[in-house]
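Next up, final_18.csv (CSV, C-alpha atoms):
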chain,number,residue,atom,x,y,z
A,1135,MET,CA,18.5,-0.6,-2.5
A,1136,ARG,CA,19.3,-3.3,0.0
A,1137,HIS,CA,18.9,-3.9,3.7
A,1138,PHE,CA,22.0,-2.8,5.6
A,1139,GLY,CA,23.1,-0.9,2.5
A,1140,GLN,CA,24.2,2.0,4.8
A,1141,ILE,CA,27.0,-0.2,6.0
A,1142,SER,CA,30.3,-0.4,4.1
A,1143,PRO,CA,30.8,-3.5,1.9
A,1144,THR,CA,33.8,-4.5,4.1
A,1145,VAL,CA,31.8,-4.5,7.3
A,1146,ARG,CA,28.8,-6.2,5.6
A,1147,ASP,CA,31.1,-9.0,4.4
A,1148,SER,CA,32.3,-9.5,8.0
A,1149,LEU,CA,28.7,-9.7,9.3
A,1150,PHE,CA,27.0,-11.8,6.6
A,1151,HIS,CA,27.3,-15.4,5.5
A,1152,GLN,CA,24.9,-14.4,2.7
A,1153,GLU,CA,24.4,-10.7,2.1
A,1154,PRO,CA,21.0,-9.2,1.6
A,1155,CYS,CA,20.0,-9.0,-2.1
A,1156,GLU,CA,19.5,-5.8,-4.0
A,1157,PHE,CA,15.9,-4.9,-4.9
A,1158,SER,CA,14.0,-1.9,-6.3
A,1159,ALA,CA,10.5,-0.7,-6.7
A,1160,ALA,CA,10.3,-2.7,-9.9
A,1161,SER,CA,11.1,-6.0,-8.2
A,1162,PRO,CA,8.6,-8.8,-8.0
A,1163,ALA,CA,5.8,-8.3,-5.5
A,1164,ARG,CA,6.9,-11.4,-3.5
A,1165,THR,CA,10.3,-9.9,-3.0
A,1166,LEU,CA,8.9,-6.5,-2.0
A,1167,ALA,CA,6.4,-7.9,0.5
A,1168,ALA,CA,9.2,-9.7,2.3
A,1169,ALA,CA,11.6,-6.7,2.1
A,1170,LEU,CA,9.2,-4.1,3.6
A,1171,GLY,CA,10.8,-4.5,7.0
A,1172,ALA,CA,10.2,-1.5,9.3
A,1173,THR,CA,7.7,0.6,7.4
A,1174,LEU,CA,8.2,4.1,8.8
A,1175,TYR,CA,5.1,6.5,8.9
A,1176,SER,CA,5.5,10.2,8.5
A,1177,PRO,CA,2.8,12.9,8.4
A,1178,ALA,CA,2.4,14.3,4.9
A,1179,THR,CA,2.4,17.9,6.4
A,1180,ARG,CA,6.2,17.9,7.0
A,1181,LEU,CA,7.6,20.8,5.0
A,1182,LYS,CA,11.0,19.2,4.6
A,1183,LEU,CA,9.6,15.8,3.7
A,1184,ALA,CA,11.8,15.3,0.7
A,1185,ASP,CA,14.9,16.0,2.8
A,1186,ASP,CA,13.6,13.6,5.5
A,1187,VAL,CA,13.0,10.8,3.0
A,1188,LEU,CA,16.5,11.0,1.6
A,1189,LYS,CA,18.1,11.3,5.0
A,1190,LEU,CA,16.2,8.2,6.3
A,1191,ALA,CA,17.0,6.3,3.1
A,1192,ALA,CA,20.7,6.9,3.9
A,1193,ARG,CA,20.1,5.4,7.4
A,1194,GLY,CA,18.6,2.2,6.1
A,1195,VAL,CA,14.9,2.9,5.8
A,1196,VAL,CA,13.5,1.0,2.8
A,1197,SER,CA,9.8,1.6,3.1
A,1198,MET,CA,7.8,4.7,4.2
A,1199,VAL,CA,4.1,5.7,4.4
A,1200,LEU,CA,3.3,9.4,4.0
A,1201,CYS,CA,0.1,9.8,5.9
A,1202,LEU,CA,-2.9,11.9,5.1
A,1203,GLU,CA,-5.1,10.1,7.6
A,1204,ASP,CA,-5.0,9.9,11.4
A,1205,SER,CA,-1.6,11.5,11.8
A,1206,ILE,CA,-2.9,14.9,10.6
A,1207,ASP,CA,-5.8,17.2,11.6
A,1208,ASP,CA,-8.9,17.1,9.4
A,1209,ALA,CA,-8.4,20.7,8.5
A,1210,GLU,CA,-4.9,20.0,7.2
A,1211,VAL,CA,-5.8,17.5,4.5
A,1212,ALA,CA,-5.9,19.9,1.5
A,1213,GLU,CA,-2.6,21.5,2.5
A,1214,ALA,CA,-1.0,18.1,3.1
A,1215,GLU,CA,-2.0,17.0,-0.4
A,1216,GLU,CA,-0.4,20.1,-2.0
A,1217,ASN,CA,2.7,19.5,0.1
A,1218,LEU,CA,2.9,15.9,-1.1
A,1219,VAL,CA,2.7,17.0,-4.8
A,1220,ARG,CA,5.6,19.5,-4.2
A,1221,GLN,CA,7.7,17.0,-2.2
A,1222,PHE,CA,7.3,14.2,-4.8
A,1223,ALA,CA,8.3,16.7,-7.6
A,1224,GLU,CA,11.4,17.6,-5.6
A,1225,LEU,CA,12.3,14.0,-5.0
A,1226,ASP,CA,11.9,13.2,-8.6
A,1227,ALA,CA,14.1,16.1,-9.7
A,1228,ARG,CA,16.9,15.0,-7.4
A,1229,GLY,CA,17.0,11.6,-9.0
A,1230,GLU,CA,18.4,9.8,-5.9
A,1231,GLU,CA,17.5,6.3,-4.8
A,1232,LEU,CA,14.4,6.3,-2.6
A,1233,PRO,CA,12.7,3.9,-0.2
A,1234,LEU,CA,9.4,2.4,-1.3
A,1235,LEU,CA,6.9,5.2,-0.9
A,1236,PHE,CA,3.2,4.8,-0.1
A,1237,ILE,CA,0.5,7.4,0.6
A,1238,ARG,CA,-2.1,6.7,3.2
A,1239,VAL,CA,-5.3,8.2,2.1
A,1240,ARG,CA,-8.7,8.8,3.7
A,1241,GLU,CA,-11.1,8.4,0.8
A,1242,PRO,CA,-11.1,6.4,-2.5
A,1243,GLY,CA,-11.3,9.6,-4.6
A,1244,GLN,CA,-8.0,10.8,-3.3
A,1245,ILE,CA,-6.2,8.1,-5.2
A,1246,PRO,CA,-6.9,9.1,-8.8
A,1247,ASP,CA,-6.8,12.8,-7.9
A,1248,LEU,CA,-3.3,12.5,-6.3
A,1249,VAL,CA,-2.0,10.3,-9.1
A,1250,GLU,CA,-3.1,12.9,-11.7
A,1251,ARG,CA,-1.6,15.8,-9.7
A,1252,LEU,CA,1.7,14.0,-9.2
A,1253,GLY,CA,2.2,13.9,-12.9
A,1254,PRO,CA,5.6,12.5,-13.9
A,1255,SER,CA,6.7,12.2,-10.3
A,1256,VAL,CA,4.2,9.4,-9.8
A,1257,ARG,CA,7.0,7.0,-10.9
A,1258,ARG,CA,8.4,7.6,-7.4
A,1259,LEU,CA,5.2,6.2,-5.8
A,1260,SER,CA,4.8,2.5,-5.0
A,1261,GLY,CA,1.2,2.6,-3.9
A,1262,PHE,CA,-1.4,3.5,-1.3
A,1263,VAL,CA,-2.3,2.5,2.2
A,1264,LEU,CA,-6.0,1.9,2.6
A,1265,PRO,CA,-7.4,2.7,6.1
A,1266,LYS,CA,-10.1,0.8,8.1
A,1267,PHE,CA,-10.4,-1.8,5.4
A,1268,THR,CA,-13.5,-4.0,5.1
A,1269,GLU,CA,-15.2,-5.6,2.1
A,1270,GLU,CA,-17.7,-2.7,1.9
A,1271,ARG,CA,-15.1,0.1,2.3
A,1272,GLY,CA,-12.3,-1.7,0.6
A,1273,VAL,CA,-13.8,-2.4,-2.9
A,1274,PRO,CA,-14.1,1.3,-3.8
A,1275,PHE,CA,-10.5,1.9,-2.8
A,1276,LEU,CA,-9.2,-1.0,-4.8
A,1277,GLU,CA,-11.3,0.0,-7.9
A,1278,ALA,CA,-9.9,3.5,-7.6
A,1279,LEU,CA,-6.4,2.1,-7.4
A,1280,ALA,CA,-6.9,0.0,-10.5
A,1281,ASP,CA,-8.2,2.9,-12.4
A,1282,ALA,CA,-5.3,5.1,-11.4
A,1283,GLU,CA,-2.8,2.5,-12.4
A,1284,THR,CA,-4.4,2.2,-15.8
A,1285,ALA,CA,-4.5,6.0,-16.3
A,1286,SER,CA,-0.9,6.6,-15.2
A,1287,GLY,CA,0.8,3.4,-16.4
A,1288,GLN,CA,2.5,3.2,-13.0
A,1289,ARG,CA,2.4,-0.1,-11.1
A,1290,LEU,CA,0.6,0.7,-7.8
A,1291,PHE,CA,0.2,-1.6,-4.8
A,1292,ALA,CA,-2.3,-1.5,-2.0
A,1293,MET,CA,-1.6,-2.1,1.6
A,1294,PRO,CA,-5.0,-2.4,3.4
A,1295,VAL,CA,-5.0,-1.6,7.1
A,1296,LEU,CA,-7.1,-4.0,9.2
A,1297,GLU,CA,-8.3,-1.8,12.1
A,1298,SER,CA,-12.1,-1.5,11.9
A,1299,PRO,CA,-14.4,-2.2,14.9
A,1300,GLU,CA,-16.3,-4.8,12.8
A,1301,LEU,CA,-13.0,-6.8,12.8
A,1302,LEU,CA,-12.5,-6.4,16.5
A,1303,HIS,CA,-16.0,-7.1,17.8
A,1304,LEU,CA,-16.6,-10.8,18.2
A,1305,GLU,CA,-20.1,-10.9,16.8
A,1306,THR,CA,-19.0,-9.5,13.4
A,1307,ARG,CA,-15.4,-10.7,13.2
A,1308,THR,CA,-16.0,-13.9,11.2
A,1309,GLU,CA,-18.2,-12.2,8.6
A,1310,THR,CA,-15.8,-9.3,8.3
A,1311,LEU,CA,-12.8,-11.5,7.9
A,1312,THR,CA,-14.6,-13.6,5.3
A,1313,GLY,CA,-15.5,-10.4,3.3
A,1314,ILE,CA,-11.9,-9.1,3.6
A,1315,ALA,CA,-10.5,-12.4,2.4
A,1316,ALA,CA,-12.8,-12.5,-0.6
A,1317,THR,CA,-12.0,-8.9,-1.5
A,1318,VAL,CA,-8.2,-9.1,-1.3
A,1319,ASP,CA,-8.2,-12.4,-3.1
A,1320,LYS,CA,-10.1,-10.8,-6.0
A,1321,TYR,CA,-7.4,-8.0,-6.2
A,1322,ARG,CA,-4.5,-10.3,-5.2
A,1323,GLU,CA,-2.1,-8.9,-7.8
A,1324,ARG,CA,-2.5,-5.4,-6.3
A,1325,VAL,CA,-2.3,-6.3,-2.6
A,1326,LEU,CA,1.3,-6.1,-1.4
A,1327,ALA,CA,0.7,-6.7,2.3
A,1328,LEU,CA,-2.0,-6.4,5.0
A,1329,ARG,CA,-1.2,-4.1,7.9
A,1330,LEU,CA,-2.7,-4.4,11.4
A,1331,GLY,CA,-4.0,-1.2,13.2
A,1332,VAL,CA,-3.6,-2.3,16.8
A,1333,THR,CA,-3.9,1.2,18.1
A,1334,ASP,CA,-7.4,1.4,16.8
A,1335,PHE,CA,-8.2,-2.0,18.3
A,1336,CYS,CA,-7.1,-0.7,21.7
A,1337,SER,CA,-9.0,2.5,21.2
A,1338,ALA,CA,-12.3,0.7,20.8
A,1339,TYR,CA,-12.0,-0.5,24.5
A,1340,GLY,CA,-10.2,2.5,25.9
A,1341,LEU,CA,-6.9,0.6,26.3
A,1342,ARG,CA,-3.3,1.5,25.8
A,1343,ARG,CA,-0.5,-0.9,26.4
A,1344,SER,CA,2.5,0.2,28.5
A,1345,PRO,CA,6.1,0.1,27.4
A,1346,ASP,CA,6.6,-3.3,29.2
A,1347,MET,CA,3.7,-5.0,27.5
A,1348,THR,CA,3.5,-6.3,24.0
A,1349,ALA,CA,0.4,-6.4,21.8
A,1350,TYR,CA,0.2,-10.1,22.7
A,1351,ASP,CA,-0.2,-9.3,26.4
A,1352,VAL,CA,-3.5,-7.5,25.6
A,1353,GLN,CA,-5.7,-10.6,25.1
A,1354,ILE,CA,-8.4,-8.9,23.1
A,1355,VAL,CA,-5.8,-7.7,20.6
A,1356,ALA,CA,-4.0,-11.0,20.6
A,1357,ALA,CA,-7.2,-12.8,19.7
A,1358,VAL,CA,-7.8,-10.6,16.7
A,1359,ILE,CA,-4.2,-11.0,15.5
A,1360,ALA,CA,-4.6,-14.8,15.7
A,1361,ASP,CA,-7.8,-14.8,13.7
A,1362,VAL,CA,-6.4,-12.5,11.0
A,1363,VAL,CA,-3.4,-14.8,10.6
A,1364,ASN,CA,-5.6,-17.8,10.7
A,1365,VAL,CA,-7.7,-16.5,7.7
A,1366,LEU,CA,-5.3,-14.3,5.8
A,1367,GLY,CA,-1.8,-15.5,6.6
A,1368,ARG,CA,-1.9,-19.1,5.6
A,1369,ALA,CA,1.2,-20.7,4.0
A,1370,ASP,CA,-0.7,-22.7,1.5
A,1371,GLY,CA,-0.6,-20.1,-1.3
A,1372,THR,CA,-3.8,-18.4,-0.3
A,1373,GLY,CA,-2.3,-16.1,2.3
A,1374,PHE,CA,-0.8,-12.7,2.3
A,1375,THR,CA,2.1,-11.0,4.1
A,1376,VAL,CA,0.6,-9.6,7.3
A,1377,THR,CA,2.8,-7.0,9.1
A,1378,GLY,CA,3.4,-6.4,12.8
A,1379,PRO,CA,1.6,-3.7,14.8
A,1380,VAL,CA,3.1,-0.3,15.6
A,1381,TRP,CA,5.3,0.2,18.7
A,1382,GLU,CA,4.3,3.5,20.3
A,1383,TYR,CA,7.2,4.3,22.6
A,1384,PHE,CA,10.3,6.1,21.5
A,1385,ARG,CA,12.2,7.6,24.4
A,1386,LEU,CA,15.3,5.9,23.1
A,1387,GLN,CA,17.7,8.5,21.6
A,1388,GLU,CA,20.5,6.9,19.5
A,1389,ARG,CA,22.9,9.6,20.6
A,1390,MET,CA,22.6,8.4,24.2
A,1391,PHE,CA,24.5,5.1,23.4
A,1392,LYS,CA,26.2,5.7,20.1
A,1393,PRO,CA,29.5,6.8,21.8
A,1394,GLN,CA,29.5,3.5,23.7
A,1395,LEU,CA,29.1,1.5,20.4
A,1396,ARG,CA,32.0,3.3,18.7
A,1397,ARG,CA,34.5,2.0,21.2
A,1398,SER,CA,34.7,-1.3,19.3
A,1399,PRO,CA,33.3,-2.4,15.9
A,1400,PHE,CA,31.5,-5.4,17.3
A,1401,MET,CA,31.3,-4.7,21.1
A,1402,GLU,CA,33.4,-7.7,21.9
A,1403,GLY,CA,32.4,-9.1,25.2
A,1404,ARG,CA,29.9,-6.3,25.8
A,1405,ALA,CA,26.7,-7.8,24.5
A,1406,GLU,CA,25.0,-7.7,27.9
A,1407,GLU,CA,26.0,-4.1,28.4
A,1408,LEU,CA,24.4,-3.1,25.1
A,1409,ARG,CA,21.3,-5.1,25.8
A,1410,ALA,CA,20.9,-3.5,29.2
A,1411,THR,CA,21.3,-0.1,27.6
A,1412,LEU,CA,18.5,-0.9,25.1
A,1413,ILE,CA,16.2,-2.2,27.9
A,1414,GLU,CA,16.9,0.9,30.0
A,1415,HIS,CA,15.6,3.0,27.1
A,1416,ASP,CA,12.4,1.2,26.5
A,1417,LEU,CA,13.5,-1.0,23.6
A,1418,ASP,CA,13.0,-4.3,25.6
A,1419,GLY,CA,9.3,-4.3,24.9
A,1420,LEU,CA,9.9,-3.6,21.2
A,1421,LEU,CA,12.5,-6.4,20.9
A,1422,ARG,CA,10.1,-8.9,22.6
A,1423,GLU,CA,7.2,-7.8,20.4
A,1424,ILE,CA,9.3,-8.2,17.2
A,1425,GLU,CA,10.1,-11.8,18.2
A,1426,LEU,CA,6.5,-12.5,19.0
A,1427,ASP,CA,5.4,-11.0,15.7
A,1428,ARG,CA,7.4,-13.6,13.8
A,1429,ALA,CA,6.4,-16.4,16.1
A,1430,ASN,CA,2.7,-15.5,15.4
A,1431,GLY,CA,3.1,-15.4,11.6
A,1432,LEU,CA,3.7,-11.6,11.0
A,1433,GLN,CA,6.5,-10.1,8.9
A,1434,GLY,CA,7.8,-6.6,9.1
A,1435,LYS,CA,6.4,-3.9,11.3
A,1436,THR,CA,4.7,-0.5,11.3
A,1437,CYS,CA,7.0,2.1,12.9
A,1438,ILE,CA,6.5,5.7,13.9
A,1439,HIS,CA,10.0,6.5,15.0
A,1440,PRO,CA,13.4,6.1,13.1
A,1441,SER,CA,15.0,4.5,16.2
A,1442,HIS,CA,12.7,1.5,15.7
A,1443,VAL,CA,13.9,0.7,12.2
A,1444,LEU,CA,17.3,-0.9,12.9
A,1445,PRO,CA,16.1,-3.2,15.7
A,1446,VAL,CA,13.4,-4.5,13.4
A,1447,HIS,CA,15.9,-5.1,10.6
A,1448,ALA,CA,18.5,-6.6,12.8
A,1449,LEU,CA,16.0,-9.1,14.2
A,1450,SER,CA,14.9,-9.9,10.7
A,1451,VAL,CA,18.3,-11.2,9.6
A,1452,VAL,CA,18.3,-15.0,9.4
A,1453,SER,CA,20.6,-16.7,11.8
A,1454,HIS,CA,23.2,-19.2,10.4
A,1455,GLU,CA,21.4,-21.9,12.3
A,1456,GLU,CA,18.0,-21.1,10.8
A,1457,PHE,CA,19.6,-21.0,7.4
A,1458,SER,CA,21.3,-24.4,7.9
A,1459,ASP,CA,18.0,-26.0,9.0
A,1460,ALA,CA,16.0,-24.5,6.1
A,1461,GLN,CA,18.5,-25.6,3.5
A,1462,ASP,CA,18.5,-29.2,5.0
A,1463,ILE,CA,14.7,-29.3,4.9
A,1464,LEU,CA,14.5,-28.2,1.3
A,1465,ARG,CA,17.2,-30.4,-0.2
A,1466,PRO,CA,15.8,-32.1,-3.3
A,1467,GLU,CA,16.6,-35.5,-1.9
A,1468,ARG,CA,14.3,-34.8,1.0
A,1469,GLY,CA,11.3,-34.4,-1.2
A,1470,GLY,CA,9.7,-37.6,0.1
A,1471,GLY,CA,9.8,-36.4,3.7
A,1472,GLY,CA,11.4,-37.9,6.8
A,1473,VAL,CA,13.1,-36.6,9.9
A,1474,MET,CA,16.8,-35.8,10.5
A,1475,ARG,CA,18.9,-34.3,13.2
A,1476,SER,CA,19.9,-30.7,12.5
A,1477,ALA,CA,23.5,-29.8,11.6
A,1478,TYR,CA,23.7,-27.9,14.9
A,1479,THR,CA,22.7,-31.3,16.6
A,1480,ASN,CA,20.1,-29.5,18.9
A,1481,LYS,CA,16.8,-30.3,17.2
A,1482,MET,CA,15.0,-32.6,14.8
A,1483,ASN,CA,14.0,-31.2,11.4
A,1484,GLU,CA,10.9,-32.9,10.0
A,1485,VAL,CA,10.7,-32.3,6.3
A,1486,LYS,CA,7.0,-32.1,5.5
A,1487,PRO,CA,5.7,-30.1,8.5
A,1488,HIS,CA,8.7,-27.7,8.4
A,1489,ARG,CA,8.7,-27.1,4.6
A,1490,ALA,CA,6.6,-24.0,4.6
A,1491,TRP,CA,8.7,-22.5,7.5
A,1492,ALA,CA,11.9,-23.3,5.5
A,1493,GLU,CA,10.6,-21.7,2.3
A,1494,ARG,CA,9.6,-18.5,4.2
A,1495,THR,CA,13.0,-18.5,6.0
A,1496,LEU,CA,14.9,-18.7,2.7
A,1497,LEU,CA,12.9,-15.8,1.3
A,1498,ARG,CA,13.7,-13.7,4.4
A,1499,ALA,CA,17.3,-14.8,4.0
A,1500,GLU,CA,17.3,-13.5,0.4
A,1501,VAL,CA,16.1,-10.0,1.4
A,1502,PHE,CA,17.6,-9.6,4.9
A,1503,GLY,CA,20.7,-11.8,4.5
A,1504,VAL,CA,22.1,-14.6,6.7
A,1505,ALA,CA,24.4,-13.8,9.6
A,1506,ARG,CA,27.7,-15.4,10.0
A,1507,GLU,CA,27.8,-18.2,12.6
A,1508,GLU,CA,29.3,-16.0,15.3
A,1509,VAL,CA,27.2,-12.9,14.5
A,1510,GLY,CA,24.0,-12.0,16.3
A,1511,PHE,CA,21.6,-9.2,16.9
A,1512,VAL,CA,24.0,-7.1,19.0
A,1513,GLU,CA,26.7,-7.1,16.3
A,1514,LEU,CA,24.1,-6.3,13.6
A,1515,LEU,CA,22.6,-3.4,15.6
A,1516,THR,CA,26.0,-2.1,16.5
A,1517,ALA,CA,27.2,-2.1,12.9
A,1518,GLY,CA,24.0,-0.4,11.7
A,1519,LEU,CA,24.3,2.4,14.2
A,1520,SER,CA,27.9,3.0,13.5
A,1521,GLY,CA,27.7,2.7,9.8
Can the structure from this file be put into structure tokens for me?
Amino acid sequence: MRHFGQISPTVRDSLFHQEPCEFSAASPARTLAAALGATLYSPATRLKLADDVLKLAARGVVSMVLCLEDSIDDAEVAEAEENLVRQFAELDARGEELPLLFIRVREPGQIPDLVERLGPSVRRLSGFVLPKFTEERGVPFLEALADAETASGQRLFAMPVLESPELLHLETRTETLTGIAATVDKYRERVLALRLGVTDFCSAYGLRRSPDMTAYDVQIVAAVIADVVNVLGRADGTGFTVTGPVWEYFRLQERMFKPQLRRSPFMEGRAEELRATLIEHDLDGLLREIELDRANGLQGKTCIHPSHVLPVHALSVVSHEEFSDAQDILRPERGGGGVMRSAYTNKMNEVKPHRAWAERTLLRAEVFGVAREEVGFVELLTAGLSG
């Protein structure tokens, strides 16, 4: 699979200075963590789940979480597990290319049980999402994952969700973060990414952000995000990929503006019209939050609606200017440091302080591609919706 793989090769060539690379569930963990992009959640109770997965894969979704936890009623868990087993068997039988598939469980015991029940179709599973993760609750999940991997012979990743009250509350945050850091470091080879459960954070204080407010406008949430990145998202080799929080609003319906987009392949001269259309349909908040996610050290995003996927991916593409700066900073002859004017002559690139940023940018460029100099978010979004 590859990002923007739903677009024809000819159109991709016109958009990208460097096209997104191909990757698979067998790719190195470093590549997969960077490539997660918009991870789309779906309740495990959906009776046509296999059809949904294949349809979404054809639309550019590369990672999904099939949820047995908060998205379904307590009384539906057993039925949802049975449904997952059936749907994985159907997906395996079809033999088509799939997104990275993860199952969000409630209890550690579900992991070995589901792996056993999936049988041969477990090869279609990339791992498990572990809810309300702390040191105390996380260790049994990770031990169960390790045992299931050994028993099945299938590589299985963990994506812990950081959403517990102990992490939110000031008096327990430092101790909780320290415990989480020690736990995920011990199981580093199994932890693909850490996910933020901002909805649970808001719930603890009876809060809910409106469509015109990002997670960073809710100060109590922003403080937790900052502390999580501070401890768990460092660029010194000790950190992990930390993904952006969910955006809850989805009044946007693609069909409402698709006819406009088809009038021209790249909406020449109509960027502001498209942006106004997006803002009108409540995507302005999402776009701002995606930009703030990256500015605050987060990569990728939890999504609960297909209409959110393409904006996340379009804003993940590395601009030609970013790529140029990153390459200049990492040139071998710059190994001793120094400062130089950027090729775009609009900033100074300082080699040592900007090195970690440049390395992260080139990894993003590998999986999401580099846009041509004249191509921006609007062109990428337009092509993705049309293709």
Quiz prompt | Between atom CA of A:Arg1228 and atom CA of A:Gly1253 - distance in Å to one decimal | solution = 15.7 Å
Quiz item: For A:Val1365, which residue among A:Leu1330, A:Val1501, A:Ala1338, A:Leu1311 is the nearest when counting all atoms listed in the file?
Solution: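 When distances to A:Val1365 are compared using all atoms listed in the file, the smallest one comes from A:Leu1311.
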Exercise. Please tell me which residues are no farther than 8 Å from (14.8, -9.8, 18.2) in the file, counting all atoms listed in the file, and write them as JSON, numbers by chain.
Key: {"A": [1421, 1422, 1424, 1425, 1445, 1446, 1448, 1449, 1450, 1511]}
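Shortest atom-to-atom contact with A:Ala1184 among A:Asn1217, A:Gln1353, A:Ser1158, A:Thr1165: A:Asn1217, counting only C-alpha atoms.
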Practice problem: Name the closest residue to A:Thr1436 among the candidates A:Arg1506, A:Val1199, A:Gly1139, A:Phe1374; distances are taken between atoms, counting all atoms listed in the file. | Solution: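 For A:Thr1436, the nearest of the given residues is A:Val1199.
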If we count all atoms listed in the file and set the cut-off at 12 Å, which residues sit around A:Pro1299, ignoring sequence neighbours fewer than 3 positions away in its own chain? Please answer as a PDB file with C-alpha atoms, in the coordinates of the input.
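Writing the result to result_3.pdb gives the following:
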ATOM      1  CA  LYS A1266     -10.100   0.800   8.100  1.00  0.00           C
ATOM      2  CA  PHE A1267     -10.400  -1.800   5.400  1.00  0.00           C
ATOM      3  CA  THR A1268     -13.500  -4.000   5.100  1.00  0.00           C
ATOM      4  CA  LEU A1296      -7.100  -4.000   9.200  1.00  0.00           C
ATOM      5  CA  LEU A1302     -12.500  -6.400  16.500  1.00  0.00           C
ATOM      6  CA  HIS A1303     -16.000  -7.100  17.800  1.00  0.00           C
ATOM      7  CA  LEU A1304     -16.600 -10.800  18.200  1.00  0.00           C
ATOM      8  CA  GLU A1305     -20.100 -10.900  16.800  1.00  0.00           C
ATOM      9  CA  THR A1306     -19.000  -9.500  13.400  1.00  0.00           C
ATOM     10  CA  ARG A1307     -15.400 -10.700  13.200  1.00  0.00           C
ATOM     11  CA  THR A1310     -15.800  -9.300   8.300  1.00  0.00           C
ATOM     12  CA  LEU A1311     -12.800 -11.500   7.900  1.00  0.00           C
ATOM     13  CA  GLY A1331      -4.000  -1.200  13.200  1.00  0.00           C
ATOM     14  CA  VAL A1332      -3.600  -2.300  16.800  1.00  0.00           C
ATOM     15  CA  THR A1333      -3.900   1.200  18.100  1.00  0.00           C
ATOM     16  CA  ASP A1334      -7.400   1.400  16.800  1.00  0.00           C
ATOM     17  CA  PHE A1335      -8.200  -2.000  18.300  1.00  0.00           C
ATOM     18  CA  CYS A1336      -7.100  -0.700  21.700  1.00  0.00           C
ATOM     19  CA  SER A1337      -9.000   2.500  21.200  1.00  0.00           C
ATOM     20  CA  ALA A1338     -12.300   0.700  20.800  1.00  0.00           C
ATOM     21  CA  TYR A1339     -12.000  -0.500  24.500  1.00  0.00           C
ATOM     22  CA  VAL A1355      -5.800  -7.700  20.600  1.00  0.00           C
ATOM     23  CA  VAL A1358      -7.800 -10.600  16.700  1.00  0.00           C
TER      24      VAL A1358
END
Please provide as a PDB file with C-alpha atoms, in the frame of the given file all residues within 8 Å of A:Leu1170, with the sequence filter that same-chain residues fewer than 4 positions apart are discarded (counting all atoms listed in the file).
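The resulting selection33.pdb:
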ATOM      1  CA  LEU A1166       8.900  -6.500  -2.000  1.00  0.00           C
ATOM      2  CA  VAL A1196      13.500   1.000   2.800  1.00  0.00           C
ATOM      3  CA  SER A1197       9.800   1.600   3.100  1.00  0.00           C
ATOM      4  CA  GLY A1434       7.800  -6.600   9.100  1.00  0.00           C
TER       5      GLY A1434
END
Quiz item: Pick from A:Ser1255, A:Gln1152, A:Pro1274, A:Leu1264: nearest to A:Asp1204, with only C-alpha atoms counted?
Solution: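 Looking at the shortest contact to A:Asp1204, the residue is A:Leu1264.
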